[in-house]
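To start, the structure itself, in structure tokens.
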Amino acid sequence: MSSVKVAVRVRPFNSREIGRESKCIIEMTGATTAITNPKVPPNTSESVKRFNFDYSYWSHDPRDSDFSTQSMVYKDIGEEMLQHSFDGYNVCIFAYGQTGAGKSYTMMGRQEEQQEGIIPMICKDLFGRIQDTENDELKYSVEVSYMEIYCERVRDLLNPKNKGNLRVREHPLLGPYVEDLSKLAVTDYQDIHDLIDEGNKARTVAATNMNETSSRSHAVFTIFFTQRRHDTMTDLFTEKVSKISLVDLAGSERADSTGAKGTRLKEGANINKSLTTLGKVISALAEVASKKKNSKKADFIPYRDSALTWLLRENLGGNSKTAMIAAISPADINYDETLSTLRYADRAKQIVCKAVVNEDANAKLIRELKEEIQKLRDLLKAEGIEVQEGPDGKVVCEKRDANKDELNKSSVIKSPSKGRNRNGSTTEMAVDQLQASEKLIAELNETWEEKLKRTEEIRLQREAVFAEMGVAVKEDGITVGVFSPKKTPHLVNLNEDPNLSECLLYYIKDGLTRLGTHEANVPQDIQLSGSHILKEHCTFENRNSTVTLLPHKDAIIFINGRKLVEPEVLKTGSRVILGKNHVFRFTNPEQARELREKITENEAENEEKEKADTQQVDWNFAQCELLEKQGIDLKAEMKKRLDNLEEQYKREKQQADQQFEEQRKSYEARIDALQKQVEEQSMTMSMYSSYSPEDFHQEEDVYTNPLYESCWTAREAGLAAWAFRKWRYHQFTSLRDDLWGNAIFLKEANAISVELKKKVQFQFTLLTDTLYSPLPPELASSVTPTQPDDEYGAPPVSKTLVAVEVTDTKNGATHYWSLEKLRQRLELMREMYHNEAELSPTSPDYNVESLTGGDPFYDRFPWFRMVGRSFIYLSNLLYPVPLVHKVAIVNERGDVRGYLRIAVQPVLDEESIDFNNGVKQSARLVFNEDDAKPKYRALNEKDDVQRYIDNGGLDTKLEELEDADSGRGIDSNSASECHENADEPGEHLQVCKEFTFRVTVLQATGIGAEYADIFCQFNFLHRHEEAFSTEPVKNSASGAPLGFYHVQNITVPVTKSFIEYLKTQPIMFKIFGHYQTHPLHKDAKQEFVSRPPPRRMLPPSIPISQPVRSPKFGPLPCPPSSTVLAKHDVLVWFEICELAPNGEYVPSVVEHSDDLPCRGLFLLHQGIQRRIRITIVHEPTPEVKWKDINELVVGRIRNTPESSDEQDEDACVLSLGLFPGEVLEVPGDDRSFYRFEAAWDSSLHNSALLNRVSQGGETIYITLSAYLELENCARPAIITKDLSMVIYGRDARTGPRSLKHLFSGQYRNPEANRLSGVYELSLRRASEAGSPGVQRRQRRVLDTSSTYVRGEENLHGWRPRGDSLIFDHQWELEKLTRLEEVGRMRHLLLLRERLGMDTNPNPTTKTEKDVCNLAARAATSPVHMVIPQSPQTPVKDPQMQMLPDREYNQREQDLMLKCLKLVQGRYSKNEPNDNQTNQADVSPSDEGCADMTVSCISSNSMENKKFVIRHRLCSPDRSDAPNGWEAPAPATQPALPLRLYVPELEEIRVSPVVARKGLLNVLEHGGSGWKKRWVIVRRPYVFIYRSEKDPVERAVLNLATAQVECSEDQAAMVKIPNTFSVVTKHRGYLLQTLGDKEVHDWLYAINPLLAGQIKSRLARRTLEPASQTASQISASSAVNANAANK
């Protein structure tokens, strides 16, 4: 007993594993093999598995010292097994492993030196030992067999005659064997080598014909080795017979990885079936060997489950010496297959075999077989059956009938392999067994000479079969292949593929050679298959080396391109086409030889030509010849067809170009026409829309109103053009278009950056050319220059553009790209992405230059980074006085990064200033006249037009209206003095003289520690190339000031442009520093910590949703664009009522908070019937009368605040059942109330959000739209509202979630459980709503921010910025504007202090008055700065600076009325007199554009005049009321004619900024008396609540259409202190504050302009007595001084 020898051999990496950069996971130490799991962390218990075998061969790296060669494997295994065979044992060697693991290399090897495998080495060594030991007493004989197991079928590879499936049988003594398997005798090693070679080639040929490959079958090569020894002493012959089985198993494979289907899938399944069965057998044998000996349970070994295991039964656990070689792969990608092979081999190591010496087996076997045959004959004879042997060796059975004495022939059993019925009679089984036994006896009794003879016969049969197949064998009988015979005529195939041409050869034998298919009745000598091949196609007749082709009827045959009809003699080289696919070349060696003998030397040229022609004869030549003979010129046809296609292409291209050019011209003309039409209409319709209904007297007067008929003056036309150009400067809509349209490019750039592992991020940013944030030079060139100033135009406005902020975290730098540059770089990024290997770290081009210059992701970064900018104004040089400034260092985002101390002083004489470590330099500059026009906005003479427009268009002097209009102006005398002396420079600033001033950079403080080597650079705004720079100063990060002490003397020839620059423009200081964390720091990106923008700059908490589409009304109507005839403010209350236990519907609890997206949250219960109640509140007006509610639609169920119109398509949209609407009468409130309800069954939405209890922290949002019908309206008005809610359990107690609302107890009040919304109802004329001339073109810009790009999932939620960027940029611009204004005002205050004006409240010198005028004028114009030009002016009486209130003459009153009418849009040339216009001016216009202006102009000086605007607009009616006064009431509105309107209801999102809130006493017109109410001002609305704890708005006042009045007349008339009135279009309110000091605060919150007027008037009245007292004191002092002198 011995166990199976198991060896493991690992091969080198193959090309596939090298390409995938696989790692070796196999380690071998002695006989131990270890495998590492690449999927498990190292140094764990499961990471390494170890196996012990008999041999472990390391054949991975030939350079290793432990490398195992083929000879080493043979010495360990092959020599031992060969010795066992000489000892008389059966031997078996089989190799196992996955496909491509090296099994065939180990078993067969290569045909090279030192590369042979185990099989050739065993065979060579076997015959070598035979030759050495054979003598007269010891003879050897060797037989071989070669079979293949494919799909559980056995085939003989050495005998082509046995084409069928050989049957595997089992004998009690011999065991399993293959019936009719050929055993061929061999005499030397060359015979075995030839048989293996022929078997492999026959196997390959058979595989080609039968769609089988060698890798899909098991091959078993068996050597029968017999030793015959003659004992001279006893004169007896003894034999030892051993069987050497060499098995090459098929590799295991997976169906999913190969993608096998159909037949291939079945083949793979059979391979896996046999290998699985082999594994089961090995496992079962291992379990048997490991069990105890006294185990009585019989073990079942599944040998018969597969033909492979059945034939190897004796080798596995039987009479055999067995060795197994497991071939494995070293790559980690094959870990699972390698581990399975090692486990396979480990189980096989436990198998125990019982091998015995096979001595005299034939004699014993023959005797036992003869006895068995005799028993079977006797058994058949007892049944009445006589058995005889036929002439062909077959067994013939004859059954004799005793009664009739007749012979009934039974069927001849030709072959057991045909199949038989196992349930047949015992007689048939006995005959079958008898036949098998006699075959065995005949085979055993066969002599050696007979075996050699039979081998020769089989060889001749094999050559004949090869000849039939077109495969010839050389005369030596060794080499198999395609060879051209020397005498026999033959056909050679021609194929379209040159590699397949001349691979088949068919002999034409003497006599007749038939050609057809295998289905013919008469066997055909040459069998072809395919279409157009008849069963009997043709016949070749060979007579005396002359071959004649005889076609059969209807056979398709072509010879040299001609169709064959009659028999024809073939000539050598003829092309024969059989059917339509089989092409052959006929060759007759005898005929060719005769032709060569006839060639003479003079015919050498013809010989070369014939040779050239012979070389060109192939499949293409035959096909072209066939087409040519049939009259088809292939080349000519192709050329003709190509010419036709080219001509057609040119013709179609010319037509397409012509159509494209025509369409382009047509579109350009239409675009130009539409552009002109839009420009004309946009200017006229903006004015036309401001008209009120009273301006149109008839329906047909729409296009003939006075505004269109009146002829504008040149000034008015200029003003209109200026307004149009100013409107064009509103550019944020186009900026949003750029953001949306280019978002996809930004996302693609970021995705490619992440995939290529670039440390660069791209994001949108907005850049505006301002003082603190000038555009980079490359971006400034791309900005379209604005139009130059004209007579009535404003100075150029800074352009805002969309740029890309490139954050380079690798180099710690930030760059700005234009959108065009982004697209250009994106093309390079795409190219780099497709050629990633070119810039890989292993590439030689990967260097620093590629990072900065060649890499499209990076730009060159500066060594020094700008910290910020500062600006110093030079107006102190006009006086001249020195000033020391401390200015803020501001970066481009408006954040203060530090402070800078600068001294500016004139140099009137030679001075010397010494600093310890300072630098003193001098320079000379020249200001040309071209430099007078600054880049940034400054004051000039054209600003009068701006001031003219800001003051309502009054045609009078600017200085005369500054005091009355703004309340912050100066007196006219001071202004006139400023203008009179504006062009008179001081003595030190005389033109053509030189002026020297000094700029000293002292210190810098507050600069962050991340900057080092700080230096300052300064220059004039228009002279960037002439900059002055300080020396760098180390930043020690200790907080100490950085001392520059740089003195720069600048000498300038005085010109008008230089004087203008001193008045208006500053010097720019730029501070630079070296970033300390630079370079290549991962956190080098600057993080600017800036305070957040105010709430008023933030976008609304939730976007206003579009109406939900109604199933009844269909698609939503287009928004009307006709003229607005009237506007009304509407207050809407929303309630969700739930069914209470008492059967009433009670409003659910609402949690109110401004921080919530919907400003309120409904707290609902699950599974309770609900109703939605909506109440509409507005002022009574004959234009708005609600008729009925048509539909209430609820949809867009979601859990996020944002909604989408696409959600209207789903099944969640539900139209609710309505209850009739009703008009409510509220006691004590004369407003209009309209209420309606609708039943809401939320389960019909089929939404899980509404059907279940809300999860923790989840909020549900819905959108409802109410379609209401109004009188005199063509279509319904739509109220749309977004509501948020939380659903609790049915029995849960609901209450506010915040303690503030919980303790207030307001939620218990039913009227507090409602949500309010403010809407604006616009009524438009229905006849114009659909007019194409009035509707404006709407642009739809594609939003690409949500479009998917490849690699977007790697961005981890990054999104391109959109509207929020615009809001943030507006806040940044506001910060920069404020900083600029603060810097300018700080300079003015510092100048005033330096001149000593703050200590003298009443200016006495011209210089002081100039500074006062300077500050006052700067306050009136926040964008400009006015500085007087000369301090030398005569001193005037200070009493002339302030003019008292004066009376207005008739002309001035007419001018003011004209201004009012122009602003209201109601002015015409033929204006009636004042008495006629009283009735028209009783009600202000619906737009309410000029109401505040009227109240501002009214003053005490107009009391006794006929032109009393205040009494017409603000005075209350006299009636019996408390204190003799009633709240102001608006004038009665006239009855309106019957018109058809188009309503539009738009929700107004109230500003979150609260200007003022508190308690006020309110007296309402028509009310019963004073009431204390809680009032909140959110401009432009004033909300009135019942109390401070009331969360619901009860009334709304629109300040845009209201007048505010606060005067002494009103206080005297009311006789109540601290009061002011607010009058709307429909009612008036008298409001009283609770304290004296609160009046100004409330007025400032409601109307800042009016509050400023009152405060300015009070200040002037306070200053008048003080100035008179001061003058009296100075006069008395002068008298006393004179008296004392006397």
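Within each chain, counting starts at residue 1; across the structure tokens, chains are named A, B, ... in the order shown, with ligands numbered 1 upward in that order.
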
Identify, on the basis of only C-alpha atoms, every residue whose closest approach to region 743-751 of chain A does not exceed 12 Å; exclude the query and any residue fewer than 6 positions from it along the same chain; express the result as an NGL selection string. :A and (736-737 or 757-765 or 802-807 or 817-830 or 832-833 or 856-857 or 1342-1362)

CA of Val168 (chain A) and CA of Gln98 (chain A), how far apart in Å?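 Value for the CA of Gln98 (chain A)-CA of Val168 (chain A) distance: 26.8 Å.
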
All residues 7 Å or closer to Glu536 (chain A), only C-alpha atoms, same chain fewer than 4 positions away omitted, as a PyMOL selection string: chain A and resi 515-517+520

How close does region 854-930 of chain A get to region 1004-1022 of chain A? List, as a tab-separated table, each residue of region 854-930 of chain A within 8 Å, its nearest atom pair and the distance in Å to one decimal, counting only C-alpha atoms.
residue	atom	partner	partner_atom	distance
A:Arg897	CA	A:Ile1007	CA	5.9
A:Gly898	CA	A:Gly1006	CA	4.3
A:Tyr899	CA	A:Thr1005	CA	5.2
A:Leu900	CA	A:Ala1004	CA	4.5
A:Arg901	CA	A:Ala1004	CA	6.3

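Between CA of Gly1043 (chain A) and CA of Leu908 (chain A) there is a distance of 26.3 Å.
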
Between A:Ser1148, A:Asn1272, A:Asn90, A:Thr32, which residue has the minimum interatomic distance to Met1285 (chain A), considering only C-alpha atoms? A:Ser1148
